[in-house]
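Data file: model_34.cif. Format and content: mmCIF, C-alpha atoms (C1' of nucleotides).
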```
data_work
#
loop_
_atom_site.label_atom_id
_atom_site.label_comp_id
_atom_site.auth_asym_id
_atom_site.auth_seq_id
_atom_site.Cartn_x
_atom_site.Cartn_y
_atom_site.Cartn_z
CA MET V 1 31.72 13.45 21.50
CA THR V 2 30.20 13.82 24.93
CA ASN V 3 30.67 12.57 28.38
CA SER V 4 29.48 9.09 27.68
CA LYS V 5 30.34 7.37 30.91
CA THR V 6 27.19 6.36 32.69
CA THR V 7 27.79 7.13 36.31
CA ALA V 8 27.07 4.40 38.79
CA LEU V 9 23.72 5.32 40.27
CA LYS V 10 22.61 3.75 43.47
CA LEU V 11 18.87 3.80 43.29
CA SER V 12 16.30 1.37 44.49
CA ILE V 13 12.53 1.11 44.57
CA LYS V 14 10.97 0.35 47.91
CA THR V 15 7.59 -1.35 47.83
CA GLY V 16 6.77 -0.05 51.28
CA ASP V 17 7.28 3.53 50.14
CA PRO V 18 4.02 5.46 49.89
CA ARG V 19 5.34 7.40 46.91
CA PRO V 20 4.57 6.08 43.43
CA ILE V 21 7.46 4.45 41.64
CA PHE V 22 8.09 7.22 39.14
CA LYS V 23 8.27 9.70 42.02
CA GLN V 24 10.84 7.60 43.81
CA VAL V 25 12.95 7.67 40.68
CA VAL V 26 12.59 11.43 40.32
CA ASP V 27 13.44 12.03 43.97
CA GLY V 28 16.33 9.59 43.97
CA ILE V 29 18.02 11.07 40.94
CA GLY V 30 17.19 14.61 41.96
CA MET V 31 18.83 14.00 45.31
CA ALA V 32 21.85 12.39 43.73
CA ILE V 33 22.29 15.50 41.62
CA ALA V 34 21.72 17.82 44.55
CA VAL V 35 24.39 16.21 46.69
CA GLY V 36 26.88 15.87 43.85
CA GLU V 37 26.77 12.11 43.43
CA LEU V 38 25.83 12.94 39.88
CA ALA V 39 27.87 15.76 38.45
CA GLU V 40 27.18 18.09 35.57
CA GLY V 41 27.54 16.27 32.29
CA ASP V 42 27.10 12.81 33.73
CA LYS V 43 24.96 10.49 31.68
CA LEU V 44 21.92 8.83 33.19
CA PRO V 45 21.19 5.14 32.58
CA SER V 46 19.00 4.63 29.53
CA VAL V 47 15.27 4.36 30.01
CA ARG V 48 15.34 0.69 29.15
CA ALA V 49 18.44 -0.15 31.16
CA LEU V 50 17.18 1.49 34.33
CA ALA V 51 13.77 -0.09 33.89
CA MET V 52 15.39 -3.49 33.68
CA ARG V 53 17.63 -2.86 36.66
CA LEU V 54 14.72 -1.71 38.81
CA SER V 55 12.35 -4.34 37.41
CA ILE V 56 9.82 -1.73 36.40
CA ASN V 57 8.24 -0.65 33.16
CA PRO V 58 10.27 1.52 30.76
CA ASN V 59 7.32 3.88 30.51
CA THR V 60 7.57 4.52 34.21
CA VAL V 61 11.22 5.48 33.87
CA ALA V 62 10.40 7.64 30.88
CA LYS V 63 7.80 9.42 32.94
CA ALA V 64 10.35 10.12 35.64
CA TYR V 65 12.90 11.28 33.06
CA ASN V 66 10.38 13.64 31.53
CA GLU V 67 9.74 15.18 34.90
CA LEU V 68 13.45 15.57 35.58
CA THR V 69 13.78 17.28 32.22
CA SER V 70 10.89 19.59 33.02
CA MET V 71 12.56 20.44 36.30
CA GLY V 72 15.65 21.44 34.38
CA LEU V 73 17.84 18.99 36.23
CA VAL V 74 18.81 17.07 33.11
CA ASP V 75 19.05 17.77 29.40
CA SER V 76 17.99 15.41 26.66
CA ARG V 77 20.22 14.98 23.63
CA GLN V 78 18.49 13.39 20.71
CA GLY V 79 19.52 9.81 20.28
CA LEU V 80 22.17 10.07 22.96
CA GLY V 81 20.48 10.08 26.29
CA LEU V 82 19.94 12.24 29.32
CA PHE V 83 22.73 14.25 30.88
CA VAL V 84 22.90 16.14 34.13
CA SER V 85 22.47 19.73 33.10
CA VAL V 86 24.26 22.87 34.11
CA PRO V 87 22.42 24.38 37.05
CA LYS V 88 19.73 26.62 35.74
CA GLN V 89 16.94 28.56 37.22
CA LEU V 90 13.65 28.29 35.40
CA LEU V 91 11.52 29.16 38.40
CA SER V 92 10.70 32.68 39.48
CA ASN V 93 11.89 33.78 42.87
CA ASN V 94 8.32 33.85 44.01
CA GLU V 95 7.77 30.30 42.85
CA ARG V 96 10.97 29.12 44.51
CA LYS V 97 10.02 30.74 47.78
CA LYS V 98 6.54 29.29 47.58
CA ARG V 99 7.88 25.80 47.06
CA LEU V 100 10.38 26.15 49.85
CA GLN V 101 7.66 27.19 52.25
CA GLN V 102 5.28 24.47 51.13
CA ALA V 103 7.91 21.80 51.58
CA ILE V 104 8.71 23.07 55.04
CA GLU V 105 5.06 23.35 56.01
CA ARG V 106 4.43 19.82 54.90
CA CYS V 107 7.44 18.58 56.81
CA LEU V 108 6.35 20.36 59.97
CA GLY V 109 2.84 19.02 59.55
CA ASP V 110 4.24 15.52 59.56
CA VAL V 111 6.50 16.19 62.49
CA MET V 112 4.52 18.28 64.93
CA HIS V 113 2.64 15.26 66.30
CA LEU V 114 5.81 13.56 67.34
CA ASN V 115 6.30 15.54 70.53
CA TYR V 116 9.74 16.80 69.72
CA SER V 117 10.88 20.17 70.98
CA ASP V 118 11.69 22.93 68.53
CA GLU V 119 15.33 22.50 69.38
CA GLU V 120 15.30 18.80 68.62
CA ILE V 121 13.54 19.34 65.32
CA LEU V 122 15.93 22.08 64.31
CA LYS V 123 18.91 20.00 65.31
CA ALA V 124 17.74 17.04 63.28
CA PHE V 125 17.05 19.27 60.31
CA ARG V 126 20.45 20.95 60.51
CA GLU V 127 22.25 17.65 60.81
CA GLU V 128 20.42 16.12 57.90
CA LEU V 129 21.19 19.13 55.76
CA GLU V 130 24.87 19.14 56.69
CA GLY V 131 25.03 15.42 56.11
CA LEU V 132 23.75 15.84 52.60
CA ARG V 133 26.13 18.60 51.73
CA LYS V 134 29.06 16.57 52.97
CA VAL V 135 28.44 13.68 50.61
CA PRO V 136 31.16 14.05 47.99
CA LYS V 137 31.15 12.99 44.41
CA VAL V 138 31.86 9.32 44.06
CA GLY V 139 35.46 8.95 43.05
CA MET O 1 -21.22 16.02 80.89
CA THR O 2 -18.29 16.78 78.75
CA ASN O 3 -16.77 19.68 76.94
CA SER O 4 -19.46 19.87 74.34
CA LYS O 5 -18.56 23.13 72.66
CA THR O 6 -17.41 22.44 69.15
CA THR O 7 -14.46 24.69 68.57
CA ALA O 8 -14.50 26.81 65.47
CA LEU O 9 -12.25 25.01 63.05
CA LYS O 10 -10.94 26.84 60.08
CA LEU O 11 -10.38 24.16 57.52
CA SER O 12 -10.80 24.16 53.80
CA ILE O 13 -10.26 21.73 50.96
CA LYS O 14 -8.20 22.97 48.08
CA THR O 15 -8.86 21.32 44.75
CA GLY O 16 -5.42 22.27 43.50
CA ASP O 17 -3.79 20.45 46.39
CA PRO O 18 -2.02 17.27 45.29
CA ARG O 19 -2.97 15.58 48.54
CA PRO O 20 -6.16 13.52 48.66
CA ILE O 21 -9.06 15.11 50.49
CA PHE O 22 -8.96 12.89 53.54
CA LYS O 23 -5.27 13.69 53.95
CA GLN O 24 -5.93 17.40 53.82
CA VAL O 25 -8.43 16.95 56.62
CA VAL O 26 -5.99 14.89 58.69
CA ASP O 27 -3.19 17.39 58.17
CA GLY O 28 -5.39 20.39 58.80
CA ILE O 29 -6.77 19.10 62.07
CA GLY O 30 -3.44 17.66 63.11
CA MET O 31 -1.81 21.02 62.60
CA ALA O 32 -4.58 22.83 64.44
CA ILE O 33 -3.95 20.56 67.39
CA ALA O 34 -0.20 20.95 67.15
CA VAL O 35 -0.30 24.71 67.26
CA GLY O 36 -2.95 24.86 69.94
CA GLU O 37 -5.85 26.12 67.87
CA LEU O 38 -7.56 23.02 69.12
CA ALA O 39 -6.96 22.38 72.78
CA GLU O 40 -7.22 19.22 74.80
CA GLY O 41 -10.84 18.25 75.31
CA ASP O 42 -12.18 20.29 72.41
CA LYS O 43 -14.83 18.57 70.37
CA LEU O 44 -14.42 18.11 66.66
CA PRO O 45 -17.28 18.77 64.26
CA SER O 46 -19.38 15.69 63.65
CA VAL O 47 -18.56 13.54 60.66
CA ARG O 48 -21.73 14.60 58.91
CA ALA O 49 -21.49 18.27 59.82
CA LEU O 50 -17.91 18.63 58.61
CA ALA O 51 -18.72 16.70 55.47
CA MET O 52 -21.54 19.09 54.72
CA ARG O 53 -19.44 22.13 55.49
CA LEU O 54 -16.63 20.97 53.22
CA SER O 55 -19.01 19.62 50.60
CA ILE O 56 -17.42 16.18 50.71
CA ASN O 57 -18.63 12.71 51.51
CA PRO O 58 -19.14 11.76 55.17
CA ASN O 59 -17.13 8.61 54.55
CA THR O 60 -14.17 10.75 53.61
CA VAL O 61 -14.38 12.62 56.88
CA ALA O 62 -14.81 9.36 58.74
CA LYS O 63 -11.66 8.06 57.11
CA ALA O 64 -9.76 11.13 58.24
CA TYR O 65 -11.18 10.83 61.75
CA ASN O 66 -10.15 7.21 61.93
CA GLU O 67 -6.62 8.14 61.02
CA LEU O 68 -6.54 10.92 63.60
CA THR O 69 -7.74 8.40 66.17
CA SER O 70 -5.07 5.93 65.13
CA MET O 71 -2.50 8.67 65.50
CA GLY O 72 -3.68 9.22 69.04
CA LEU O 73 -4.50 12.86 68.44
CA VAL O 74 -8.17 12.45 69.26
CA ASP O 75 -10.30 10.12 71.34
CA SER O 76 -13.65 8.76 70.35
CA ARG O 77 -16.43 8.67 72.89
CA GLN O 78 -19.27 6.40 71.96
CA GLY O 79 -22.26 8.37 70.78
CA LEU O 80 -20.67 11.66 71.75
CA GLY O 81 -18.07 12.49 69.18
CA LEU O 82 -14.34 13.01 68.81
CA PHE O 83 -12.36 15.00 71.30
CA VAL O 84 -8.82 16.26 71.21
CA SER O 85 -6.98 13.83 73.41
CA VAL O 86 -4.43 14.31 76.09
CA PRO O 87 -1.00 14.15 74.49
CA LYS O 88 0.08 10.58 74.39
CA GLN O 89 2.97 8.71 72.96
CA LEU O 90 2.05 5.50 71.23
CA LEU O 91 5.13 5.41 69.02
CA SER O 92 8.45 4.00 70.06
CA ASN O 93 11.36 6.36 70.20
CA ASN O 94 12.84 4.56 67.25
CA GLU O 95 9.69 5.01 65.26
CA ARG O 96 9.47 8.67 66.18
CA LYS O 97 13.04 9.28 65.14
CA LYS O 98 12.52 7.39 61.93
CA ARG O 99 9.51 9.48 61.02
CA LEU O 100 11.28 12.69 61.89
CA GLN O 101 14.17 11.80 59.64
CA GLN O 102 11.93 10.67 56.80
CA ALA O 103 9.93 13.88 56.91
CA ILE O 104 13.11 15.94 56.86
CA GLU O 105 14.64 13.89 54.06
CA ARG O 106 11.55 14.31 51.99
CA CYS O 107 11.51 18.02 52.61
CA LEU O 108 15.14 18.38 51.64
CA GLY O 109 14.54 16.28 48.56
CA ASP O 110 11.91 18.76 47.47
CA VAL O 111 14.05 21.73 48.30
CA MET O 112 17.56 20.90 47.17
CA HIS O 113 16.78 21.71 43.53
CA LEU O 114 15.79 25.23 44.36
CA ASN O 115 19.31 26.57 44.63
CA TYR O 116 19.00 27.93 48.10
CA SER O 117 21.98 28.02 50.39
CA ASP O 118 21.99 25.96 53.56
CA GLU O 119 21.66 29.16 55.54
CA GLU O 120 18.60 30.27 53.62
CA ILE O 121 16.95 26.89 54.01
CA LEU O 122 17.69 26.76 57.70
CA LYS O 123 16.44 30.28 58.20
CA ALA O 124 13.19 29.55 56.41
CA PHE O 125 12.74 26.39 58.43
CA ARG O 126 13.43 28.09 61.73
CA GLU O 127 11.06 30.93 60.95
CA GLU O 128 8.28 28.61 59.90
CA LEU O 129 8.70 26.59 63.07
CA GLU O 130 8.71 29.64 65.30
CA GLY O 131 5.73 31.03 63.45
CA LEU O 132 3.75 27.90 64.20
CA ARG O 133 4.63 27.85 67.86
CA LYS O 134 3.60 31.45 68.24
CA VAL O 135 0.06 30.90 67.04
CA PRO O 136 -1.98 31.06 70.24
CA LYS O 137 -5.24 29.38 71.03
CA VAL O 138 -8.15 31.20 69.54
CA GLY O 139 -9.81 33.22 72.25
"C1'" DG K 1 -39.42 8.44 71.73
"C1'" DT K 2 -36.26 11.60 68.52
"C1'" DA K 3 -32.08 13.19 67.25
"C1'" DC K 4 -27.68 13.18 67.54
"C1'" DT K 5 -22.75 10.69 67.79
"C1'" DG K 6 -18.89 7.38 65.48
"C1'" DT K 7 -18.36 3.19 63.12
"C1'" DA K 8 -18.89 -0.61 59.86
"C1'" DC K 9 -20.31 -2.30 56.01
"C1'" DT K 10 -21.33 -2.97 50.49
"C1'" DA K 11 -21.29 -1.16 45.98
"C1'" DT K 12 -19.98 1.94 42.51
"C1'" DT K 13 -17.52 5.58 40.16
"C1'" DA K 14 -13.43 8.40 39.28
"C1'" DA K 15 -8.75 9.21 39.05
"C1'" DA K 16 -3.98 8.00 39.17
"C1'" DA K 17 -0.34 4.80 38.50
"C1'" DA K 18 1.74 1.09 36.26
"C1'" DT K 19 2.18 -2.19 32.70
"C1'" DA K 20 2.34 -3.82 27.78
"C1'" DG K 21 3.28 -3.11 23.17
"C1'" DT K 22 4.41 -0.48 19.03
"C1'" DA K 23 6.56 3.09 16.44
"C1'" DC K 24 9.73 6.80 15.01
"C1'" DA K 25 13.73 10.02 14.43
"C1'" DG K 26 18.43 10.98 15.78
"C1'" DA K 27 23.16 9.16 17.04
"C1'" DT K 28 26.81 5.78 16.98
"C1'" DG K 29 29.98 2.54 15.42
"C1'" DA K 30 30.97 -1.57 12.64
"C1'" DT A 1 24.40 0.78 4.71
"C1'" DC A 2 23.17 -1.76 8.63
"C1'" DA A 3 22.43 -2.91 13.34
"C1'" DT A 4 21.86 -1.01 17.68
"C1'" DC A 5 21.43 2.20 20.83
"C1'" DT A 6 19.04 6.76 22.54
"C1'" DG A 7 14.53 9.49 24.15
"C1'" DT A 8 9.92 10.24 22.96
"C1'" DA A 9 5.10 9.58 21.66
"C1'" DC A 10 1.46 7.09 21.25
"C1'" DT A 11 -2.74 3.45 22.38
"C1'" DA A 12 -4.68 0.09 25.30
"C1'" DT A 13 -5.23 -2.40 29.50
"C1'" DT A 14 -4.84 -3.52 34.25
"C1'" DT A 15 -4.18 -2.27 39.03
"C1'" DT A 16 -4.58 0.62 42.86
"C1'" DT A 17 -6.31 4.34 45.45
"C1'" DA A 18 -9.57 7.82 46.47
"C1'" DA A 19 -14.11 9.37 46.64
"C1'" DT A 20 -18.92 8.90 46.49
"C1'" DA A 21 -23.53 6.78 47.66
"C1'" DG A 22 -26.41 4.39 50.62
"C1'" DT A 23 -27.62 1.58 54.61
"C1'" DA A 24 -27.29 -0.03 59.22
"C1'" DC A 25 -26.20 -0.28 64.19
"C1'" DA A 26 -24.95 0.75 69.08
"C1'" DG A 27 -24.22 4.40 72.38
"C1'" DT A 28 -25.56 9.17 74.24
"C1'" DA A 29 -28.60 12.98 75.36
"C1'" DC A 30 -32.88 15.38 76.08
#
```
What is this structure when it is put down as C-alpha cells?
Amino acid sequence: MTNSKTTALKLSIKTGDPRPIFKQVVDGIGMAIAVGELAEGDKLPSVRALAMRLSINPNTVAKAYNELTSMGLVDSRQGLGLFVSVPKQLLSNNERKKRLQQAIERCLGDVMHLNYSDEEILKAFREELEGLRKVPKVG
Amino acid sequence: MTNSKTTALKLSIKTGDPRPIFKQVVDGIGMAIAVGELAEGDKLPSVRALAMRLSINPNTVAKAYNELTSMGLVDSRQGLGLFVSVPKQLLSNNERKKRLQQAIERCLGDVMHLNYSDEEILKAFREELEGLRKVPKVG
DNA sequence: GTACTGTACTATTAAAAATAGTACAGATGA
DNA sequence: TCATCTGTACTATTTTTAATAGTACAGTAC
C-alpha cells in the first residue's frame, strides 16, 4: 500500500518556450515540488498518461522523469510509479553553492540589459521568491 | 574619425558550457557592457579577429553580433565595425517587465531544489548584483 | 589600389531533441 | 492465472538547431 492518489498537476507545454519539451516538464514538476503543490509521497502521472495529456511522446516524459529521479526529487518504485521523495541532499555544499551562483549569474546576465536599477531588480526578485513560498498545497 | 581603439575584451568559450557558442559570446559581451568593462563608443573586435581569437567560425561571431545589434547594445557602422551604443530602450515597459520576471522565474526554478532558505538565496543574489555593479571600467 | 569592416548568402556537417515502436520485469487487482 | 498498469531500456528515424566552410558585396580608410 502506498499513497496512490495521483495529485492534480497543472502543467502545460508552451511551443513558444525556448526550452526543450523535456526541460519544461522537469522545471514544471520541480517547481511544483518546490512550492509544495506536490507534497512528499504524492504520485506523479504515469509516463504514458502525462504524454497523452501533453500530446508529446512518452519517451520525452520518461526522459524528464529520469532527470527528476537523478535530481533526487522523486523516487521510482518498480511497477508502481514515481513518487515525490523525501527531501534529500545528494549534492555537496560546494556544488550547491556553485549552482546557486551560476543560476544567479545567468539571471543577471539576462536582466542587466533591461535598464532596471539594482533596487528594482532586487524588489522583483524578492517578490517573486515570496510569491512562490506563499503558494500553499492544493487542498 | 571615430573611437577606433578596440578595447581589450576578456572573453572565452567554455566547451563544458551548456550554452551554444554564439550565446556565450552574446552573454559575455552583454555583461561586459552592463558592468562597464565596455564603455559607450568602444569598438568591438572584428568578426574575423574575434573568431580567430576564440578559434570559432566567423559566422558564429557574426550571429552573436547580429543579436547584440538587435538588442540595441551595439551599433553597426558601415565598413567600420561595431561600437557600444548609447543606452537605448527599444523594448516596451511591458516587455521589459515580462523579461525580468521570466529571468527571475527561471533562476528560482533552478535554485529551489537546492534547499537554501529564502534569506540565503536573497543574500547570494544581492551580493552577486552588488559585485557586478562594483566592477569598474578597465583603466 | 589594398586592406580592412559588417552583412548576406548557400551548402554541409554535427549535435541535440523529439518521435515511433518494441520489449521486459515488477506490481496490482479481478 | 490473466489482464493491465508501472518505469525502464533499447533501436531507429525524423526534425531542429548550432556550427562550420566558403564566397561575395558594399562601405570605410589609408
Result set of the PyMOL selection byres ((chain V and resi 40) around 7) on the coordinates above, as an NGL selection string: :V and (38-39 or 41-42 or 84-86)
Take the residues from that selection and write them out as a compact mmCIF listing (two decimals), in the coordinates of the input, keeping C-alpha atoms.
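The new file result-v8.txt reads:
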```
# COMPACT_ATOMS: atom_id res chain seq x y z
CA LEU V 38 25.83 12.94 39.88
CA ALA V 39 27.87 15.76 38.45
CA GLY V 41 27.54 16.27 32.29
CA ASP V 42 27.10 12.81 33.73
CA VAL V 84 22.90 16.14 34.13
CA SER V 85 22.47 19.73 33.10
CA VAL V 86 24.26 22.87 34.11
```
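Checking O:Asn94, O:Lys63, O:Gly79, O:Lys10 one by one against K:DA3, counting all atoms listed in the file, you find the shortest gap at O:Gly79.
Picked by the PyMOL selection byres ((chain O) within 10 of (chain A)) from the coordinates shown: Met1, Pro20, Ile21, Phe22, Ile56, Asn57, Pro58, Asn59, Thr60, Arg77, Gln78, Gly79, Leu80 and Gly81 of chain O.
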Those residues you just picked out, can you put them in a file as an mmCIF file, in the coordinates of the input with C-alpha atoms?
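Once everything was written out, this is selection31.cif:
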```cif
data_model
loop_
_atom_site.group_PDB
_atom_site.id
_atom_site.type_symbol
_atom_site.label_atom_id
_atom_site.label_comp_id
_atom_site.auth_asym_id
_atom_site.auth_seq_id
_atom_site.Cartn_x
_atom_site.Cartn_y
_atom_site.Cartn_z
ATOM 1 C CA MET O 1 -21.220 16.020 80.890
ATOM 2 C CA PRO O 20 -6.160 13.520 48.660
ATOM 3 C CA ILE O 21 -9.060 15.110 50.490
ATOM 4 C CA PHE O 22 -8.960 12.890 53.540
ATOM 5 C CA ILE O 56 -17.420 16.180 50.710
ATOM 6 C CA ASN O 57 -18.630 12.710 51.510
ATOM 7 C CA PRO O 58 -19.140 11.760 55.170
ATOM 8 C CA ASN O 59 -17.130 8.610 54.550
ATOM 9 C CA THR O 60 -14.170 10.750 53.610
ATOM 10 C CA ARG O 77 -16.430 8.670 72.890
ATOM 11 C CA GLN O 78 -19.270 6.400 71.960
ATOM 12 C CA GLY O 79 -22.260 8.370 70.780
ATOM 13 C CA LEU O 80 -20.670 11.660 71.750
ATOM 14 C CA GLY O 81 -18.070 12.490 69.180
#
```
Check which residues satisfy the PyMOL selection byres ((chain O) within 8 of (chain V)) in the file shown, then give them as a VMD selection string. chain O and resid 27 30 to 31 34 73 89 96 99 to 101 103 to 114 118 121 to 122 124 to 126 128 to 129
Report as JSON lines: every residue of chain K with an atom at most 8 Å from chain V, its closest pair of atoms, and their distance in Å to one decimal, counting all atoms listed in the file, with rows sorted by chain and ascending residue number.
```
{"residue": "K:DA17", "atom": "C1'", "partner": "V:Pro20", "partner_atom": "CA", "distance": 7.1}
{"residue": "K:DA18", "atom": "C1'", "partner": "V:Thr60", "partner_atom": "CA", "distance": 7.1}
{"residue": "K:DT19", "atom": "C1'", "partner": "V:Asn57", "partner_atom": "CA", "distance": 6.3}
{"residue": "K:DG26", "atom": "C1'", "partner": "V:Gly79", "partner_atom": "CA", "distance": 4.8}
{"residue": "K:DA27", "atom": "C1'", "partner": "V:Gly79", "partner_atom": "CA", "distance": 4.9}
```
